[in-house]
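Colleague: Mind looking over this structure? Questions follow.
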There are 2 protein chains.
Amino acid sequence: MGGMMHHFTPTLRTRNTPFTDRVQAAGVRGYTVYNRMKLATYFRSVQEDYAHLKSAVQVWDVSAERQVEIAGPDAERLIQMTTPRNLAKMAEDQCYYIPNVGVDGLMLNDPVLNKIAPDRYWVSLADSDMLLYYKGLAAGLNLNVKIFEPDVHPLAIQGPKSEELVRRVWGDAAASIKFFRHTTVDFQGIPMILARSGWSCQGGFELYVVGWENGAKIWDILMEAGADLDVHAGCPNGIERIEGGLLSFGSDMTMENSPFEAGLGKYCHDTPNCLGHAALQELNPPHRQIRPVEIPGEPVAACAKQWEIYSKSGSYAGTMRSAAYSPDFQTNVCIGMIEDTFWDAGTELVVKTPEGTRGAIVKGSFWL
Amino acid sequence: MGGMMHHFTPTLRTRNTPFTDRVQAAGVRGYTVYNRMKLATYFRSVQEDYAHLKSAVQVWDVSAERQVEIAGPDAERLIQMTTPRNLAKMAEDQCYYIPNVGVDGLMLNDPVLNKIAPDRYWVSLADSDMLLYYKGLAAGLNLNVKIFEPDVHPLAIQGPKSEELVRRVWGDAAASIKFFRHTTVDFQGIPMILARSGWSCQGGFELYVVGWENGAKIWDILMEAGADLDVHAGCPNGIERIEGGLLSFGSDMTMENSPFEAGLGKYCHDTPNCLGHAALQELNPPHRQIRPVEIPGEPVAACAKQWEIYSKSGSYAGTMRSAAYSPDFQTNVCIGMIEDTFWDAGTELVVKTPEGTRGAIVKGSFWL
């Protein structure tokens with residue numbers, strides 16, 4: 001936005017969370033809106049938060065990962081219609097990252113699906129009202145399911161000391177669950193789901209807080225238990241998530257992209273019950289795809305609009321979707337949607353940033 | 001938010017519009033996010049913008065009223081399934097305000113529907129991805145429709161001098177269209193829809209700009225043509241819209257409310273093809289409903305969370321959803337969702353604001 005600072009105007013429409021008062025007391029400075037809900041963007045500074053996330057432990061209000069509960073005899077059938085990932089073998093303690101696609105095979109969301117019971121799922125949404133797609137589809141097919149936002153609000157515990165913090169509060173068993181598995185922990189007699197997951201690469205958990213009124217209490221317990229671990233309020237970090245290749249739906253890929261373009265081909269199984277099944281066959285292989293891209297040298301501004309990317313000989317090569325200067329790698333870490341002719345690791349490219357043309361190089365892997 | 005100012009962090013996910021560069025050059029200071037897109041909240045100050053809106057003419061980037069095009073033989077059928085308002089007699093130059101409801105009769109959105117041709121509609125959305133509901137429902141029923149976001153971006157021209165500005169740019173015929181009717185105007189050979197509509201009570205129009213690349217050009221033409229009318233960049237005004245009783249979906253009413261609770265019963269016709277038809281019969285009459293409420297005296301803060309409302313004897317009477325101090329009426333103008341026992345005009349109430357308890361009174365009508 002050209003370096004200008006703009007004020008975020010809060011309203012009821014950009015919803016509060018059970019943790020909003022705590023987040024504000026902790027000194028939040030930046031906000032975005034995600035699923036029509038407030039989501040913090042930084043506390044001390046994006047850079048300070050980044051260094052702290054990599055060395056200590058943070059508690060993140062990620063209620064904006066809005067939950068959709070889908071329950072009833074047709075629950076699995078409905079969800080399978082919206083994703084090419086095969087759900088048949090999903091265990092009851094499993095979390096699945098699922099691209100959601102429409103009939104045309106293009107993406108609608110990329111949530112994490114938590115199986116709670118055989119006929120009961122929570123979908124932890126990226127930023128689009130997938131609730132409405134599920135409701136529309138279920139109405140059209142007259143499915144036997146209930147679809148609603150339950151009174152459940154994810155709180156992430158992220159960072160290298162997250163395991164120690166979880167151990168102190170919920171014990172060894174909880175702290176030793178495997179990646180993308182979940183267990184049940186107790187809070188004052190209320191069972192709650194704790195998963196090893198979260199939108200950082202520093203290790204961590206997500207607690208699905210049941211009951212709005214419990215939010216502040218759990219926040220306070222975590223802060224108290226982690227005081228000597230230097231626990232601090234945090235939020236998804238715009239630098240670290242690019243280093244780790246964690247995609248942001250709406251930025252890195254949109255409703256105009258296929259899962260293949262988003263690099264999610266490994267989740268596209270042969271699932272004829274997915275409504276996008278036929279279309280997906282036509283969309284594979286993709287002609288452009290997400291790639292880690294480096295812009296060496298001085299820091300670039302954030303990617304407030306897509307930057308066009310060209311080959312060294314001037315051919316169109318794609319668009320940059322996310323960019324940040326990495327203090328640890330001393331370079332600009334970026335995510336681009338790159339045309340197939342230019343997507344091989346090592347390809348040198350030219351990026352048109354608002355502050356001038358910069359050289360770039362396609363990387364073979366993300367930084368973390 | 002307790003008076004604290006927070007920085008709005010822009011990303012690609014919170015989408016730019018064709019007018020974003022112009023809005024920023026015009027000195028926008030506050031932002032919100034609406035339909036995953038940037039929407040300005042004030043330029044000079046909310047109060048200055050308010051006085052100017054009531055005396056001159058403003059150009060508003062309301063691209064965030066995202067457009068959904070529904071085209072094909074089943075278009076009317078699909079839309080009718082989602083609204084109780086009878087579409088049978090809608091003329092081709094008409095705009096309809098339509099509550100959207102689900103099978104349960106509860107609201108999903110409250111868009112303005114523009115009929116473009118017999119089998120072609122644009123839905124101008126309030127803040128939820130109604131696009132996804134339409135897509136899900138059409139997929140479930142295998143309807144013969146195309147549903148997509150067209151390359152169309154509404155630009156509002158609002159204020160008492162809006163008619164003069166429209167006359168200068170598009171002539172007498174365009175400037176004399178009736179309320180909630182639309183006509184076609186020409187921009188460099190491209191036909192565009194101009195409607196007499198908009199989210200203020202100061203008179204005005206909405207131009208549905210076709211083609212992203214035309215946005216800045218049209219903005220500049222309006223600014224040049226209106227220079228001596230004191231035209232200025234503006235945006236929906238948080239004070240004026242409450243004075244006028246223009247509801248904000250997500251604040252004043254949500255997906256938990258029926259159209260009756262939102263005071264939209266007059267749009268609930270006997271339309272059996274609406275999927276919510278049966279449920280709506282059960283939801284009428286409502287036991288709570290939107291009311292204009294006045295809090296006399298000193299200015300209150302904005303309604304950053306719902307404020308509970310009680311009767312003078314201490315019974316629960318509802319919640320306040322929106323509040324602003326009105327410079328013109330020298331009082332706090334508010335919108336509450338009030339229980340039936342207390343919703344009669346003249347009823348005295350007690351409101352628990354974050355800064356203390358205040359007296360309030362139910363009004364018989366909005367201020368404008």
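Residue numbering restarts at 1 in every chain; chains get A, B, ... in the order shown in the structure tokens, and ligands count up from 1 in that same order.
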Using only C-alpha atoms and a cut-off of 6 Å, which residues of chain B sit close to chain A? Please list them as an mmCIF file with C-alpha atoms, in the first residue's frame.

Modeller:
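Saved as part11.cif:
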```cif
data_model
loop_
_atom_site.group_PDB
_atom_site.id
_atom_site.type_symbol
_atom_site.label_atom_id
_atom_site.label_comp_id
_atom_site.auth_asym_id
_atom_site.auth_seq_id
_atom_site.Cartn_x
_atom_site.Cartn_y
_atom_site.Cartn_z
ATOM 1 C CA HIS B 6 -4.877 -0.682 15.004
ATOM 2 C CA HIS B 7 -3.015 -0.910 11.747
ATOM 3 C CA PHE B 8 -4.733 -2.601 8.827
ATOM 4 C CA THR B 9 -2.320 -5.088 7.254
ATOM 5 C CA THR B 11 -2.428 -8.685 1.626
ATOM 6 C CA LEU B 12 -3.579 -10.018 -1.730
ATOM 7 C CA ARG B 13 -6.184 -12.044 0.157
ATOM 8 C CA ARG B 29 -7.296 6.685 6.279
ATOM 9 C CA GLY B 30 -9.412 3.761 7.433
ATOM 10 C CA TYR B 31 -10.209 0.375 6.006
ATOM 11 C CA THR B 32 -12.421 -2.559 6.688
ATOM 12 C CA ASP B 129 -19.782 -15.597 0.065
ATOM 13 C CA LEU B 132 -20.684 -20.411 -2.756
ATOM 14 C CA TYR B 133 -24.265 -21.090 -1.685
ATOM 15 C CA GLY B 136 -23.464 -25.537 -4.050
ATOM 16 C CA LEU B 137 -27.211 -25.474 -4.635
ATOM 17 C CA GLY B 140 -26.743 -30.373 -5.984
ATOM 18 C CA LEU B 141 -29.655 -29.864 -8.364
ATOM 19 C CA GLY B 250 -23.255 -9.093 9.935
ATOM 20 C CA SER B 251 -23.737 -6.238 12.407
ATOM 21 C CA ALA B 304 -17.354 -3.004 18.924
ATOM 22 C CA LYS B 305 -19.275 -5.727 20.709
#
```

Colleague: Please identify the alpha helix (DSSP H) residues within range 185-359 of chain B (assignment by DSSP from backbone atoms) and present them as a list in words.

Modeller: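 In range 185-359 of chain B, DSSP puts these residues in alpha helix (DSSP H): Gly215, Ala216, Lys217, Ile218, Trp219, Asp220, Ile221, Leu222, Met223, Glu224, Ala225, Glu240, Arg241, Ile242, Glu243, His277, Ala278, Ala279, Leu280, Gln281 and Glu282 of chain B.
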
Colleague: Nearest residue to Asn237 in chain B out of B:Val350, B:Ile98, B:Leu39, B:Ile79, using only C-alpha atoms?

Modeller: B:Leu39

Colleague: Which residues are near Ala216 in chain B? Cut-off 8 Å, only C-alpha atoms, ignore same chain within fewer than 6 positions. Put them as a list of chain:residue names.

Modeller: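 Using only C-alpha atoms, the neighbours found are B:Pro18, B:Phe19, B:Arg22.
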
Colleague: Output the selection as a PDB file, in the first residue's frame - N, CA, C and O atoms for each residue.

Modeller:
```pdb
ATOM      1  N   PRO B  18     -10.483  -2.173  -8.708  1.00  0.00           N
ATOM      2  CA  PRO B  18      -9.954  -1.375  -9.827  1.00  0.00           C
ATOM      3  C   PRO B  18      -9.656   0.066  -9.417  1.00  0.00           C
ATOM      4  O   PRO B  18      -8.970   0.779 -10.139  1.00  0.00           O
ATOM      5  N   PHE B  19     -10.216   0.468  -8.270  1.00  0.00           N
ATOM      6  CA  PHE B  19     -10.103   1.863  -7.849  1.00  0.00           C
ATOM      7  C   PHE B  19      -9.113   2.052  -6.697  1.00  0.00           C
ATOM      8  O   PHE B  19      -8.949   3.165  -6.191  1.00  0.00           O
ATOM      9  N   ARG B  22      -6.656   4.899  -6.803  1.00  0.00           N
ATOM     10  CA  ARG B  22      -7.297   6.213  -6.719  1.00  0.00           C
ATOM     11  C   ARG B  22      -7.753   6.505  -5.282  1.00  0.00           C
ATOM     12  O   ARG B  22      -7.640   7.625  -4.800  1.00  0.00           O
TER      13      ARG B  22
END
```

Colleague: May I have the residues within 6 Å of range 335-338 of chain B as a ChimeraX atom specification, using only C-alpha atoms and disregarding those fewer than 3 positions away in the same chain?

Modeller: /B:288-293,317-322,343

Colleague: Between CA of Pro272 in chain B and CA of Pro84 in chain B, what is the distance in Å, rounded to a tenth?

Modeller: 8.2 Å

Colleague: Could you write out, as number ranges by chain, all the residues of range 78-183 of chain A that DSSP marks as strand (DSSP E or B)?

Modeller: A: 94-97, 100-101, 107-109, 112-117, 120-124, 146-148, 152-158, 179, 181-183

Colleague: Now that the selection is made, can you save its residues with N, CA, C and O atoms as a tab-separated table (two decimals), in the first residue's frame?

Modeller:
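The resulting selection13.tsv:
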```tsv
chain	number	residue	atom	x	y	z
A	94	GLN	N	-7.78	-38.28	13.36
A	94	GLN	CA	-6.95	-37.71	12.31
A	94	GLN	C	-7.41	-36.33	11.85
A	94	GLN	O	-8.60	-36.01	11.89
A	95	CYS	N	-6.43	-35.53	11.43
A	95	CYS	CA	-6.67	-34.25	10.79
A	95	CYS	C	-6.21	-34.41	9.34
A	95	CYS	O	-5.11	-34.90	9.10
A	96	TYR	N	-7.03	-34.01	8.38
A	96	TYR	CA	-6.67	-34.07	6.96
A	96	TYR	C	-6.68	-32.65	6.39
A	96	TYR	O	-7.66	-31.93	6.57
A	97	TYR	N	-5.61	-32.30	5.70
A	97	TYR	CA	-5.62	-31.08	4.91
A	97	TYR	C	-6.34	-31.42	3.61
A	97	TYR	O	-5.92	-32.34	2.90
A	100	ASN	N	-10.68	-28.10	-1.14
A	100	ASN	CA	-12.10	-28.15	-1.53
A	100	ASN	C	-12.22	-27.63	-2.95
A	100	ASN	O	-11.65	-26.57	-3.26
A	101	VAL	N	-12.95	-28.36	-3.78
A	101	VAL	CA	-13.13	-27.92	-5.17
A	101	VAL	C	-14.60	-27.97	-5.55
A	101	VAL	O	-15.39	-28.70	-4.94
A	107	MET	N	-10.48	-24.41	-6.93
A	107	MET	CA	-10.49	-24.42	-5.47
A	107	MET	C	-11.54	-23.48	-4.87
A	107	MET	O	-11.78	-22.39	-5.38
A	108	LEU	N	-12.10	-23.90	-3.76
A	108	LEU	CA	-13.08	-23.10	-3.02
A	108	LEU	C	-12.55	-22.75	-1.63
A	108	LEU	O	-13.01	-21.79	-1.01
A	109	ASN	N	-11.60	-23.54	-1.14
A	109	ASN	CA	-11.05	-23.37	0.20
A	109	ASN	C	-9.98	-24.45	0.36
A	109	ASN	O	-9.87	-25.34	-0.49
A	112	VAL	N	-8.55	-27.64	7.05
A	112	VAL	CA	-8.15	-28.86	7.75
A	112	VAL	C	-9.43	-29.51	8.27
A	112	VAL	O	-10.25	-28.86	8.93
A	113	LEU	N	-9.59	-30.76	7.92
A	113	LEU	CA	-10.76	-31.53	8.34
A	113	LEU	C	-10.39	-32.35	9.57
A	113	LEU	O	-9.41	-33.08	9.55
A	114	ASN	N	-11.15	-32.20	10.62
A	114	ASN	CA	-10.96	-33.02	11.82
A	114	ASN	C	-12.13	-33.99	11.95
A	114	ASN	O	-13.29	-33.56	11.99
A	115	LYS	N	-11.80	-35.26	12.02
A	115	LYS	CA	-12.85	-36.25	12.26
A	115	LYS	C	-13.04	-36.35	13.77
A	115	LYS	O	-12.07	-36.55	14.51
A	116	ILE	N	-14.28	-36.17	14.22
A	116	ILE	CA	-14.57	-36.16	15.65
A	116	ILE	C	-15.22	-37.47	16.07
A	116	ILE	O	-14.99	-38.00	17.15
A	117	ALA	N	-16.05	-37.99	15.19
A	117	ALA	CA	-16.75	-39.27	15.40
A	117	ALA	C	-17.12	-39.76	14.00
A	117	ALA	O	-16.97	-39.03	13.03
A	120	ARG	N	-19.34	-37.30	12.31
A	120	ARG	CA	-19.23	-35.94	12.82
A	120	ARG	C	-17.85	-35.38	12.52
A	120	ARG	O	-16.84	-35.97	12.93
A	121	TYR	N	-17.83	-34.25	11.82
A	121	TYR	CA	-16.57	-33.63	11.40
A	121	TYR	C	-16.58	-32.14	11.76
A	121	TYR	O	-17.63	-31.51	11.77
A	122	TRP	N	-15.38	-31.61	12.01
A	122	TRP	CA	-15.21	-30.17	12.06
A	122	TRP	C	-14.29	-29.78	10.92
A	122	TRP	O	-13.20	-30.36	10.77
A	123	VAL	N	-14.73	-28.81	10.16
A	123	VAL	CA	-13.91	-28.28	9.07
A	123	VAL	C	-13.34	-26.95	9.55
A	123	VAL	O	-14.09	-26.06	9.97
A	124	SER	N	-12.03	-26.83	9.53
A	124	SER	CA	-11.34	-25.65	10.04
A	124	SER	C	-10.93	-24.82	8.83
A	124	SER	O	-9.96	-25.13	8.14
A	146	LYS	N	-26.57	-32.04	9.51
A	146	LYS	CA	-26.66	-30.71	10.11
A	146	LYS	C	-25.36	-29.98	9.82
A	146	LYS	O	-24.28	-30.57	9.98
A	147	ILE	N	-25.45	-28.74	9.40
A	147	ILE	CA	-24.27	-27.95	9.04
A	147	ILE	C	-24.37	-26.62	9.76
A	147	ILE	O	-25.33	-25.87	9.56
A	148	PHE	N	-23.40	-26.33	10.62
A	148	PHE	CA	-23.48	-25.09	11.39
A	148	PHE	C	-22.10	-24.73	11.94
A	148	PHE	O	-21.18	-25.55	11.95
A	152	VAL	N	-17.03	-23.36	18.88
A	152	VAL	CA	-15.67	-23.91	18.96
A	152	VAL	C	-14.71	-22.92	18.32
A	152	VAL	O	-15.00	-22.40	17.23
A	153	HIS	N	-13.59	-22.67	18.99
A	153	HIS	CA	-12.71	-21.56	18.62
A	153	HIS	C	-11.26	-21.98	18.75
A	153	HIS	O	-10.76	-22.14	19.88
A	154	PRO	N	-10.57	-22.18	17.64
A	154	PRO	CA	-9.20	-22.68	17.74
A	154	PRO	C	-8.23	-21.65	18.34
A	154	PRO	O	-8.27	-20.47	18.03
A	155	LEU	N	-7.37	-22.18	19.19
A	155	LEU	CA	-6.29	-21.42	19.82
A	155	LEU	C	-5.01	-22.20	19.52
A	155	LEU	O	-4.91	-23.37	19.89
A	156	ALA	N	-4.06	-21.54	18.86
A	156	ALA	CA	-2.83	-22.25	18.50
A	156	ALA	C	-1.75	-21.99	19.54
A	156	ALA	O	-1.68	-20.92	20.14
A	157	ILE	N	-0.93	-23.01	19.77
A	157	ILE	CA	0.22	-22.93	20.67
A	157	ILE	C	1.41	-23.31	19.80
A	157	ILE	O	1.52	-24.46	19.39
A	158	GLN	N	2.24	-22.34	19.44
A	158	GLN	CA	3.26	-22.57	18.41
A	158	GLN	C	4.63	-22.13	18.90
A	158	GLN	O	4.76	-21.16	19.64
A	179	PHE	N	1.99	-35.72	14.54
A	179	PHE	CA	1.60	-34.64	13.64
A	179	PHE	C	0.29	-34.97	12.92
A	179	PHE	O	0.11	-36.06	12.39
A	181	ARG	N	-2.52	-35.55	14.19
A	181	ARG	CA	-3.41	-36.41	14.96
A	181	ARG	C	-3.96	-35.54	16.09
A	181	ARG	O	-3.36	-34.53	16.46
A	182	HIS	N	-5.09	-35.96	16.65
A	182	HIS	CA	-5.62	-35.21	17.78
A	182	HIS	C	-6.01	-36.14	18.92
A	182	HIS	O	-6.18	-37.35	18.74
A	183	THR	N	-6.08	-35.56	20.09
A	183	THR	CA	-6.48	-36.29	21.29
A	183	THR	C	-7.48	-35.41	22.05
A	183	THR	O	-7.74	-34.27	21.66
```

Colleague: Near range 197-205 of chain B, within 8 Å and counting only C-alpha atoms, which residues show up once chain neighbours fewer than 5 positions away are dropped, as an MDAnalysis selection string?

Modeller: chainID B and resid 53:54 156:160 162:163 179:180 236:237 240:241 244 246 368

Colleague: Take the residues just selected and output them with N, CA and C atoms as a PDB file, in the first residue's frame.

Modeller:
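Contents of selection-v1.pdb, as written:
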```pdb
ATOM      1  N   LEU B  53     -20.896  14.489   2.629  1.00  0.00           N
ATOM      2  CA  LEU B  53     -21.855  13.612   1.935  1.00  0.00           C
ATOM      3  C   LEU B  53     -23.232  14.258   1.869  1.00  0.00           C
ATOM      4  N   LYS B  54     -23.594  14.987   2.942  1.00  0.00           N
ATOM      5  CA  LYS B  54     -24.931  15.591   3.003  1.00  0.00           C
ATOM      6  C   LYS B  54     -25.024  16.909   2.250  1.00  0.00           C
ATOM      7  N   ALA B 156     -20.175   3.935  -6.509  1.00  0.00           N
ATOM      8  CA  ALA B 156     -21.359   4.700  -6.121  1.00  0.00           C
ATOM      9  C   ALA B 156     -21.087   6.190  -6.261  1.00  0.00           C
ATOM     10  N   ILE B 157     -22.127   6.916  -6.634  1.00  0.00           N
ATOM     11  CA  ILE B 157     -22.083   8.375  -6.739  1.00  0.00           C
ATOM     12  C   ILE B 157     -23.200   8.853  -5.829  1.00  0.00           C
ATOM     13  N   GLN B 158     -22.854   9.413  -4.682  1.00  0.00           N
ATOM     14  CA  GLN B 158     -23.851   9.655  -3.638  1.00  0.00           C
ATOM     15  C   GLN B 158     -23.780  11.104  -3.146  1.00  0.00           C
ATOM     16  N   GLY B 159     -24.929  11.610  -2.761  1.00  0.00           N
ATOM     17  CA  GLY B 159     -24.989  12.968  -2.224  1.00  0.00           C
ATOM     18  C   GLY B 159     -25.964  13.816  -3.018  1.00  0.00           C
ATOM     19  N   PRO B 160     -26.380  14.959  -2.461  1.00  0.00           N
ATOM     20  CA  PRO B 160     -27.395  15.788  -3.114  1.00  0.00           C
ATOM     21  C   PRO B 160     -26.985  16.289  -4.505  1.00  0.00           C
ATOM     22  N   SER B 162     -25.343  14.450  -6.654  1.00  0.00           N
ATOM     23  CA  SER B 162     -25.041  13.292  -7.503  1.00  0.00           C
ATOM     24  C   SER B 162     -25.817  13.350  -8.812  1.00  0.00           C
ATOM     25  N   GLU B 163     -27.053  13.855  -8.759  1.00  0.00           N
ATOM     26  CA  GLU B 163     -27.852  13.901  -9.982  1.00  0.00           C
ATOM     27  C   GLU B 163     -27.222  14.858 -10.998  1.00  0.00           C
ATOM     28  N   PHE B 179     -35.957   5.456  -8.683  1.00  0.00           N
ATOM     29  CA  PHE B 179     -35.306   4.718  -7.609  1.00  0.00           C
ATOM     30  C   PHE B 179     -35.413   3.211  -7.834  1.00  0.00           C
ATOM     31  N   PHE B 180     -34.284   2.540  -7.703  1.00  0.00           N
ATOM     32  CA  PHE B 180     -34.178   1.086  -7.887  1.00  0.00           C
ATOM     33  C   PHE B 180     -34.577   0.638  -9.300  1.00  0.00           C
ATOM     34  N   PRO B 236     -19.225   4.469   2.334  1.00  0.00           N
ATOM     35  CA  PRO B 236     -20.399   4.366   3.205  1.00  0.00           C
ATOM     36  C   PRO B 236     -20.076   4.985   4.560  1.00  0.00           C
ATOM     37  N   ASN B 237     -20.982   5.839   5.037  1.00  0.00           N
ATOM     38  CA  ASN B 237     -20.696   6.590   6.258  1.00  0.00           C
ATOM     39  C   ASN B 237     -21.408   5.971   7.453  1.00  0.00           C
ATOM     40  N   GLU B 240     -24.369   8.347   8.920  1.00  0.00           N
ATOM     41  CA  GLU B 240     -25.502   8.602   8.028  1.00  0.00           C
ATOM     42  C   GLU B 240     -26.322   7.343   7.776  1.00  0.00           C
ATOM     43  N   ARG B 241     -25.649   6.209   7.675  1.00  0.00           N
ATOM     44  CA  ARG B 241     -26.392   4.979   7.348  1.00  0.00           C
ATOM     45  C   ARG B 241     -27.259   4.535   8.527  1.00  0.00           C
ATOM     46  N   GLY B 244     -30.319   6.735   8.546  1.00  0.00           N
ATOM     47  CA  GLY B 244     -31.239   6.337   7.489  1.00  0.00           C
ATOM     48  C   GLY B 244     -31.797   4.931   7.651  1.00  0.00           C
ATOM     49  N   LEU B 246     -30.244   2.112   7.226  1.00  0.00           N
ATOM     50  CA  LEU B 246     -29.688   1.165   6.255  1.00  0.00           C
ATOM     51  C   LEU B 246     -28.942   0.093   7.034  1.00  0.00           C
ATOM     52  N   LEU B 368     -33.755   9.650   9.144  1.00  0.00           N
ATOM     53  CA  LEU B 368     -33.820  10.252   7.809  1.00  0.00           C
ATOM     54  C   LEU B 368     -35.002   9.681   7.030  1.00  0.00           C
TER      55      LEU B 368
END
```

Colleague: Between CA of Tyr325 in chain A and CA of Pro299 in chain A, what is the spacing in Å?

Modeller: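 Interatomic distance, CA of Pro299 in chain A to CA of Tyr325 in chain A: 5.2 Å.
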